[in-house]
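Quick look at start.cif (mmCIF, C-alpha atoms):
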data_final
#
loop_
_atom_site.label_atom_id
_atom_site.label_comp_id
_atom_site.auth_asym_id
_atom_site.auth_seq_id
_atom_site.Cartn_x
_atom_site.Cartn_y
_atom_site.Cartn_z
CA MET A 169 68.01 199.64 23.60
CA LYS A 170 65.41 199.70 20.86
CA LYS A 171 66.64 196.31 19.63
CA THR A 172 66.32 194.87 23.13
CA ILE A 173 62.73 196.09 23.51
CA MET A 174 61.81 194.56 20.15
CA CYS A 175 63.29 191.20 21.21
CA ILE A 176 61.31 191.28 24.46
CA CYS A 177 58.08 192.07 22.57
CA ALA A 178 58.73 189.27 20.10
CA TYR A 179 59.30 186.84 22.97
CA ILE A 180 56.02 187.84 24.62
CA ILE A 181 54.09 187.40 21.35
CA VAL A 182 55.57 183.95 20.74
CA ALA A 183 55.00 182.87 24.33
CA PHE A 184 51.32 183.81 24.35
CA SER A 185 50.67 182.47 20.86
CA HIS A 186 51.26 178.92 22.12
CA LYS A 187 48.56 177.05 23.98
CA VAL A 188 49.09 177.02 27.74
CA VAL A 189 48.81 173.48 29.10
CA SER A 190 46.38 173.39 32.00
CA ALA A 191 46.60 171.14 35.02
CA ASP A 192 43.65 169.11 33.73
CA GLU A 193 45.42 168.46 30.43
CA GLY A 194 48.48 167.30 32.30
CA VAL A 195 46.34 164.86 34.25
CA SER A 196 44.73 163.61 31.03
CA LEU A 197 48.16 162.91 29.58
CA VAL A 198 49.13 160.89 32.65
CA ASP A 199 45.84 159.02 32.58
CA GLU A 200 46.30 158.13 28.91
CA THR A 201 49.74 156.74 29.65
CA ARG A 202 48.28 154.62 32.42
CA VAL A 203 45.42 153.41 30.22
CA GLU A 204 47.88 152.39 27.50
CA SER A 205 50.05 150.61 30.07
CA TYR A 206 47.02 148.86 31.53
CA ILE A 207 45.84 147.57 28.15
CA SER A 208 49.34 146.49 27.17
CA ASN A 209 49.84 144.57 30.43
CA LEU A 210 46.42 142.95 30.11
CA TYR A 211 47.14 141.83 26.55
CA LYS A 212 50.49 140.31 27.55
CA GLN A 213 48.76 138.18 30.16
CA ILE A 214 46.23 136.64 27.79
CA ASP A 215 47.00 132.98 27.15
CA PHE A 216 46.59 132.47 23.41
CA GLY A 217 48.31 129.09 23.64
CA LYS A 218 48.66 127.60 20.17
CA LEU A 219 45.88 129.81 18.81
CA ALA A 220 46.57 132.69 16.47
CA PRO A 221 47.01 135.75 18.67
CA LEU A 222 44.59 138.60 18.26
CA SER A 223 46.27 141.74 16.91
CA TYR A 224 47.28 144.08 19.75
CA GLU A 225 46.00 147.05 17.75
CA VAL A 226 42.55 145.49 17.53
CA PHE A 227 42.59 144.41 21.18
CA ASN A 228 43.60 147.93 22.22
CA LYS A 229 40.61 149.44 20.42
CA ALA A 230 38.24 146.78 21.70
CA CYS A 231 39.46 147.24 25.26
CA ARG A 232 39.00 151.02 25.18
CA GLY A 233 35.39 150.67 24.09
CA TYR A 234 34.85 147.91 26.65
CA LEU A 235 36.17 150.11 29.46
CA ASN A 236 34.04 153.06 28.38
CA LEU A 237 30.92 150.89 28.24
CA LEU A 238 31.80 149.42 31.63
CA ASN A 239 32.28 152.86 33.16
CA ALA A 240 28.96 154.01 31.67
CA GLY A 241 27.11 151.04 33.18
CA LYS A 242 26.15 149.69 29.76
CA ILE A 243 27.56 146.19 30.24
CA ASN A 244 27.38 143.61 33.00
CA LYS A 245 29.91 144.44 35.72
CA THR A 246 29.72 140.89 37.12
CA LYS A 247 31.02 139.31 33.91
CA SER A 248 34.39 139.86 32.29
CA ILE A 249 33.76 138.58 28.77
CA ILE A 250 34.75 140.47 25.65
CA SER A 251 34.04 139.18 22.13
CA ILE A 252 36.04 140.57 19.22
CA CYS A 253 35.43 140.02 15.49
CA ASP A 254 38.35 141.16 13.36
CA PHE A 255 36.82 141.69 9.93
CA SER A 256 40.11 142.95 8.52
CA LEU A 257 40.98 139.24 8.23
CA ALA A 258 39.76 136.84 5.55
CA SER A 259 36.66 134.80 6.29
CA THR A 260 38.74 131.61 6.06
CA GLU A 261 40.60 132.58 9.24
CA ASN A 262 39.49 132.12 12.83
CA ARG A 263 38.70 135.80 13.32
CA LEU A 264 36.42 135.66 16.35
CA TRP A 265 38.02 135.75 19.80
CA ILE A 266 36.01 135.44 23.01
CA ILE A 267 38.20 136.26 25.98
CA ASP A 268 37.70 136.05 29.75
CA LEU A 269 39.49 139.07 31.18
CA ILE A 270 39.62 137.56 34.68
CA THR A 271 41.33 134.30 33.81
CA LYS A 272 43.11 135.83 30.78
CA LYS A 273 41.95 132.81 28.76
CA VAL A 274 40.70 132.63 25.18
CA LEU A 275 37.42 130.75 25.51
CA PHE A 276 36.71 130.57 21.77
CA ASN A 277 38.70 131.34 18.63
CA THR A 278 36.70 130.35 15.59
CA TYR A 279 35.05 131.33 12.32
CA VAL A 280 32.54 134.15 12.14
CA ALA A 281 30.59 135.16 9.04
CA HIS A 282 30.08 138.66 7.69
CA GLY A 283 27.11 139.91 5.65
CA LYS A 284 26.91 138.97 1.98
CA GLY A 285 26.60 142.66 1.10
CA SER A 286 29.90 143.40 2.81
CA GLY A 287 32.07 141.41 0.46
CA ASP A 288 33.15 137.99 -0.72
CA ASP A 289 36.01 136.40 1.24
CA LEU A 290 36.99 139.80 2.62
CA ALA A 291 34.54 142.22 4.18
CA THR A 292 35.17 145.72 2.85
CA SER A 293 31.81 147.51 2.96
CA PHE A 294 29.60 148.13 5.98
CA SER A 295 26.19 149.65 6.62
CA ASN A 296 23.64 150.43 9.30
CA GLN A 297 20.76 150.32 6.80
CA GLU A 298 17.98 147.76 6.44
CA ASN A 299 18.05 145.37 3.44
CA THR A 300 21.73 146.02 2.64
CA HIS A 301 22.68 142.60 4.02
CA LYS A 302 25.87 144.24 5.24
CA SER A 303 27.64 143.88 8.56
CA SER A 304 27.75 146.89 10.88
CA LEU A 305 30.91 148.02 12.65
CA GLY A 306 31.21 148.92 16.28
CA PHE A 307 30.39 147.95 19.82
CA TYR A 308 27.38 145.86 20.78
CA VAL A 309 25.83 144.70 24.03
CA THR A 310 24.30 141.24 24.05
CA GLY A 311 20.54 141.11 24.63
CA ASP A 312 17.96 138.38 25.09
CA ILE A 313 18.00 134.80 23.78
CA TYR A 314 15.20 133.50 21.55
CA ASP A 315 14.44 130.61 19.22
CA GLY A 316 14.25 131.74 15.61
CA GLU A 317 14.86 130.68 12.04
CA HIS A 318 18.41 129.65 12.87
CA GLY A 319 17.58 128.01 16.20
CA THR A 320 18.76 129.51 19.47
CA SER A 321 19.89 133.07 18.75
CA LEU A 322 21.17 136.05 20.74
CA ARG A 323 19.95 139.57 20.05
CA LEU A 324 22.47 142.40 19.80
CA MET A 325 22.02 146.05 20.70
CA GLY A 326 24.26 148.33 18.66
CA MET A 327 25.82 151.08 20.77
CA ASP A 328 27.47 153.19 18.06
CA MET A 329 25.06 155.85 16.80
CA GLY A 330 24.93 155.94 13.02
CA PHE A 331 27.10 152.85 12.63
CA ASN A 332 25.23 149.94 14.25
CA ASP A 333 22.40 151.36 16.36
CA ALA A 334 19.82 149.91 13.92
CA ALA A 335 21.05 146.37 14.60
CA TYR A 336 18.15 145.37 16.85
CA ASP A 337 15.53 146.54 14.34
CA ARG A 338 17.46 144.88 11.48
CA GLY A 339 17.46 141.56 13.32
CA ILE A 340 21.26 141.42 13.59
CA VAL A 341 21.90 138.56 16.01
CA VAL A 342 24.43 135.90 16.93
CA HIS A 343 23.28 132.55 15.57
CA GLY A 344 24.69 129.28 14.31
CA ALA A 345 24.87 128.47 10.60
CA GLU A 346 25.78 125.35 8.64
CA TYR A 347 27.67 127.48 6.11
CA VAL A 348 30.18 128.49 8.80
CA CYS A 349 32.42 125.43 8.68
CA ASN A 350 35.57 123.88 7.20
CA LYS A 351 33.62 121.98 4.55
CA PHE A 352 32.11 125.16 3.11
CA VAL A 353 35.55 126.80 3.04
CA ALA A 354 37.08 123.78 1.26
CA ASN A 355 34.37 123.83 -1.41
CA ASN A 356 34.12 127.59 -1.92
CA GLN A 357 37.49 129.05 -0.84
CA ARG A 358 35.59 131.33 1.52
CA LEU A 359 33.16 131.11 4.40
CA GLY A 360 29.43 131.30 3.89
CA ARG A 361 27.85 134.70 4.42
CA SER A 362 24.87 135.96 6.42
CA TRP A 363 22.45 138.83 5.95
CA GLY A 364 24.54 140.93 8.29
CA CYS A 365 24.66 138.72 11.37
CA PRO A 366 27.93 137.57 12.98
CA ALA A 367 27.03 133.92 12.40
CA VAL A 368 29.16 131.25 14.09
CA PRO A 369 29.67 127.49 13.55
CA ALA A 370 26.45 125.62 14.33
CA PRO A 371 28.03 123.17 16.84
CA LEU A 372 29.49 126.11 18.80
CA SER A 373 26.50 128.43 18.67
CA LEU A 374 24.87 127.35 21.94
CA PRO A 375 28.11 127.31 23.97
CA ILE A 376 29.08 130.71 22.55
CA ILE A 377 25.65 132.23 23.19
CA ASN A 378 25.58 130.93 26.76
CA THR A 379 29.05 132.37 27.34
CA ILE A 380 28.44 135.88 26.00
CA LYS A 381 24.82 136.37 27.07
CA ASP A 382 23.73 138.75 29.86
CA SER A 383 24.90 142.13 28.57
CA THR A 384 28.50 141.48 27.59
CA CYS A 385 30.49 143.45 25.02
CA LEU A 386 30.98 142.42 21.39
CA PHE A 387 33.15 144.48 19.04
CA ILE A 388 33.15 144.18 15.24
CA TYR A 389 36.33 145.73 13.86
CA TYR A 390 37.45 146.94 10.47
CA PRO A 391 39.81 149.90 9.89
CA GLU A 392 37.23 152.01 8.09
CA ASN A 393 38.34 155.65 8.25
CA LYS A 394 34.91 157.10 8.99
CA TYR A 395 34.28 154.73 11.86
CA MET A 396 37.78 155.10 13.32
CA ALA A 397 37.47 158.88 13.33
CA ASN A 398 33.90 159.24 14.62
CA ALA A 399 33.01 156.25 16.81
CA TYR A 400 32.01 157.51 20.26
CA TRP A 401 32.92 154.57 22.49
CA LEU A 402 36.19 153.98 20.69
CA ASN A 403 37.43 157.57 20.85
CA LYS A 404 36.05 158.64 24.22
CA LYS A 405 38.79 159.07 26.83
CA VAL A 406 38.69 156.33 29.44
CA ALA A 407 37.54 158.09 32.62
CA TYR A 408 39.01 155.58 35.04
CA LEU A 409 40.26 152.03 35.24
CA PRO A 410 38.52 149.30 37.24
CA ASP A 411 40.20 148.92 40.61
CA ASN A 412 39.31 145.45 41.81
CA ASN A 413 40.69 141.92 41.84
CA MET A 414 39.59 141.34 38.27
CA TYR A 415 42.14 143.83 36.98
CA ALA A 416 44.61 144.08 39.87
CA ASP A 417 47.50 142.27 38.21
CA ALA A 418 47.05 144.27 35.01
CA LEU A 419 47.45 147.59 36.77
CA GLN A 420 50.91 148.85 37.53
CA ALA A 421 51.44 149.32 41.20
CA GLU A 422 51.96 152.91 42.23
CA PRO A 423 54.45 153.73 44.98
CA VAL A 424 52.92 154.41 48.38
CA ARG A 425 53.74 157.95 49.41
CA PRO A 426 54.07 158.83 53.10
CA LYS A 427 51.45 161.27 54.34
CA THR A 428 53.79 162.96 56.78
CA ARG A 429 57.45 163.69 57.26
CA ILE A 430 59.10 163.68 60.68
CA ILE A 431 61.96 166.10 61.31
CA LYS A 432 64.15 165.65 64.37
CA TYR A 433 66.15 168.58 65.77
CA ILE A 434 69.33 167.41 67.48
CA SER A 435 71.35 169.43 69.97
CA ASN A 436 74.61 168.20 71.53
CA GLY A 437 74.03 164.75 70.12
CA LYS A 438 70.54 164.42 71.61
CA VAL A 439 67.07 164.87 70.15
CA ASP A 440 65.92 168.31 71.23
CA SER A 441 62.52 168.34 69.52
CA VAL A 442 60.44 166.58 66.86
CA LYS A 443 58.26 168.23 64.22
CA THR A 444 55.75 166.48 61.94
CA ILE A 445 55.02 168.04 58.56
CA GLY A 446 52.04 167.03 56.41
CA LEU A 447 52.93 166.27 52.77
CA ILE A 448 50.86 167.14 49.71
CA GLN A 449 49.47 163.96 48.16
#

What would the structure in this file look like if it were written as structure tokens?
Amino acid sequence: MKKTIMCICAYIIVAFSHKVVSADEGVSLVDETRVESYISNLYKQIDFGKLAPLSYEVFNKACRGYLNLLNAGKINKTKSIISICDFSLASTENRLWIIDLITKKVLFNTYVAHGKGSGDDLATSFSNQENTHKSSLGFYVTGDIYDGEHGTSLRLMGMDMGFNDAAYDRGIVVHGAEYVCNKFVANNQRLGRSWGCPAVPAPLSLPIINTIKDSTCLFIYYPENKYMANAYWLNKKVAYLPDNNMYADALQAEPVRPKTRIIKYISNGKVDSVKTIGLIQ
């Protein structure tokens, strides 16, 4: 008897020492599964054609931040453009992708420069500080267009506190540069570098700027541990997925559940009565 009581007590202690999963946590788990499925389906529909495909891991992270910014009203809901710079790749690769999420088309896949303070061919160091000439990681929203030292340029507003929120004051913008080209790569075995701006090929600068203007999302990626662990827009749980034509074919259809159930009572082979029961949705 004493042994039985001890076993029961031990069971109770173990049972209550584990975290009880609440209904809200269960919902969050389901939502996360749906978000992952949504992003995966969206990625599979993108037509990369003969272009080098963007890494799914990078797209996944970019898409999560994009959705969070969209849900927060930080980016233009009437446009579906996302720009992604993968700075884990060498500067000699086409590491900028600009994608239309409605048509699932890659509009641009080209060179993009990193800051001279961030590294040589490979960018490995990043900063949010003035005069470092380093690139800054994170999510940006495109601002106004102006004519500056590098011609037509597009201001960027950094959205990640502590990582790129000083971008506007630092003058970090999208602009064209003559050092972002095949000839420079052939002569130097790397792309030219900026003072922290994501500079693009001069002939493409105006088309790119006109495409991504008006408060669209730009994401500069590198797997830096501090950023990956602390970035707000990247790590925030996606509250909900857009439910409109823009994303309809990327969302998995959910089965339509009947709202009621009809029960027929039969007596002597004939319907005696009918009862309608409401179902929990």

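If only C-alpha atoms are the atoms counted, then among A:Ala345, A:Val309, A:Ile376, A:Ala281 the closest residue to Arg358 of chain A is A:Ala281.
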
Proximity check segment 332-396 of chain A to segment 209-232 of chain A, 12 Å, nearest pairs one decimal Å, all atoms listed in the file, as JSON lines:
{"residue": "A:Cys385", "atom": "CA", "partner": "A:Ala230", "partner_atom": "CA", "distance": 9.1}
{"residue": "A:Leu386", "atom": "CA", "partner": "A:Ala230", "partner_atom": "CA", "distance": 8.5}
{"residue": "A:Phe387", "atom": "CA", "partner": "A:Ala230", "partner_atom": "CA", "distance": 6.2}
{"residue": "A:Ile388", "atom": "CA", "partner": "A:Ala230", "partner_atom": "CA", "distance": 8.6}
{"residue": "A:Tyr389", "atom": "CA", "partner": "A:Val226", "partner_atom": "CA", "distance": 7.2}
{"residue": "A:Tyr390", "atom": "CA", "partner": "A:Val226", "partner_atom": "CA", "distance": 8.8}
{"residue": "A:Pro391", "atom": "CA", "partner": "A:Val226", "partner_atom": "CA", "distance": 9.2}
{"residue": "A:Tyr395", "atom": "CA", "partner": "A:Lys229", "partner_atom": "CA", "distance": 11.9}
{"residue": "A:Met396", "atom": "CA", "partner": "A:Lys229", "partner_atom": "CA", "distance": 9.5}

For Pro369 of chain A, which residue among A:Tyr279, A:Tyr408, A:Trp401, A:Phe352 is the nearest when counting only C-alpha atoms?
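So, comparing all the options, the nearest one is A:Tyr279.
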
Given the PyMOL selection byres ((chain A and resi 323-327) around 12) and the file above, list the residues it selects as an MDAnalysis selection string.
chainID A and resid 233:234 236:237 240 242:243 296 303:316 320:322 328:343 364:367 377 380:388 399:402

Determine, counting all atoms listed in the file, which protein, DNA and RNA residues have an atom within 6 Å of an atom of Trp265 of chain A; residues of the same chain fewer than 6 positions away are not included. Present the result as a list in words.
Ser251, Ile252, Phe276 and Asn277 of chain A

Output, as lines of an AutoDock Vina configuration file, the centre and edge lengths in Å (one decimal) of the axis-aligned box that contains all listed atoms of segment 338-349 of chain A with 6 Å of margin on each side.
center_x = 24.9
center_y = 135.1
center_z = 11.5
size_x = 27.0
size_y = 31.5
size_z = 22.8

In terms of all atoms listed in the file, the residue from A:Thr271, A:Asn262, A:Ser286, A:Asn239 at minimal distance from Lys404 of chain A is A:Asn239

With distances taken over all atoms listed in the file, which residue among A:Val280, A:Ile249, A:Glu346, A:Asn355 lies nearest Leu264 of chain A?
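Closest residue, counting all atoms listed in the file: A:Val280.
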
re atom CA of Gly319 of chain A and atom CA of Gly360 of chain A: distance 17.4 Å

Would you mind reading off the distance between atom CA of Val274 of chain A and atom CA of Trp363 of chain A, one decimal, in Å?
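Computing it gives 27.2 Å between the two atoms.
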
Distance in Å - atom CA of Glu200 of chain A versus atom CA of Lys273 of chain A
25.7 Å

Could you tell me, as a ChimeraX atom specification, exactly which residues end up selected when the PyMOL selection byres ((chain A and resi 255) around 8) is applied to this structure?
/A:253-254,256-259,263,282,290-291,388-390

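Candidate residues A:Asn350, A:Asn299, A:Thr379, A:Asn393 were compared for distance to Ile250 of chain A, and the nearest is A:Thr379, using only C-alpha atoms.
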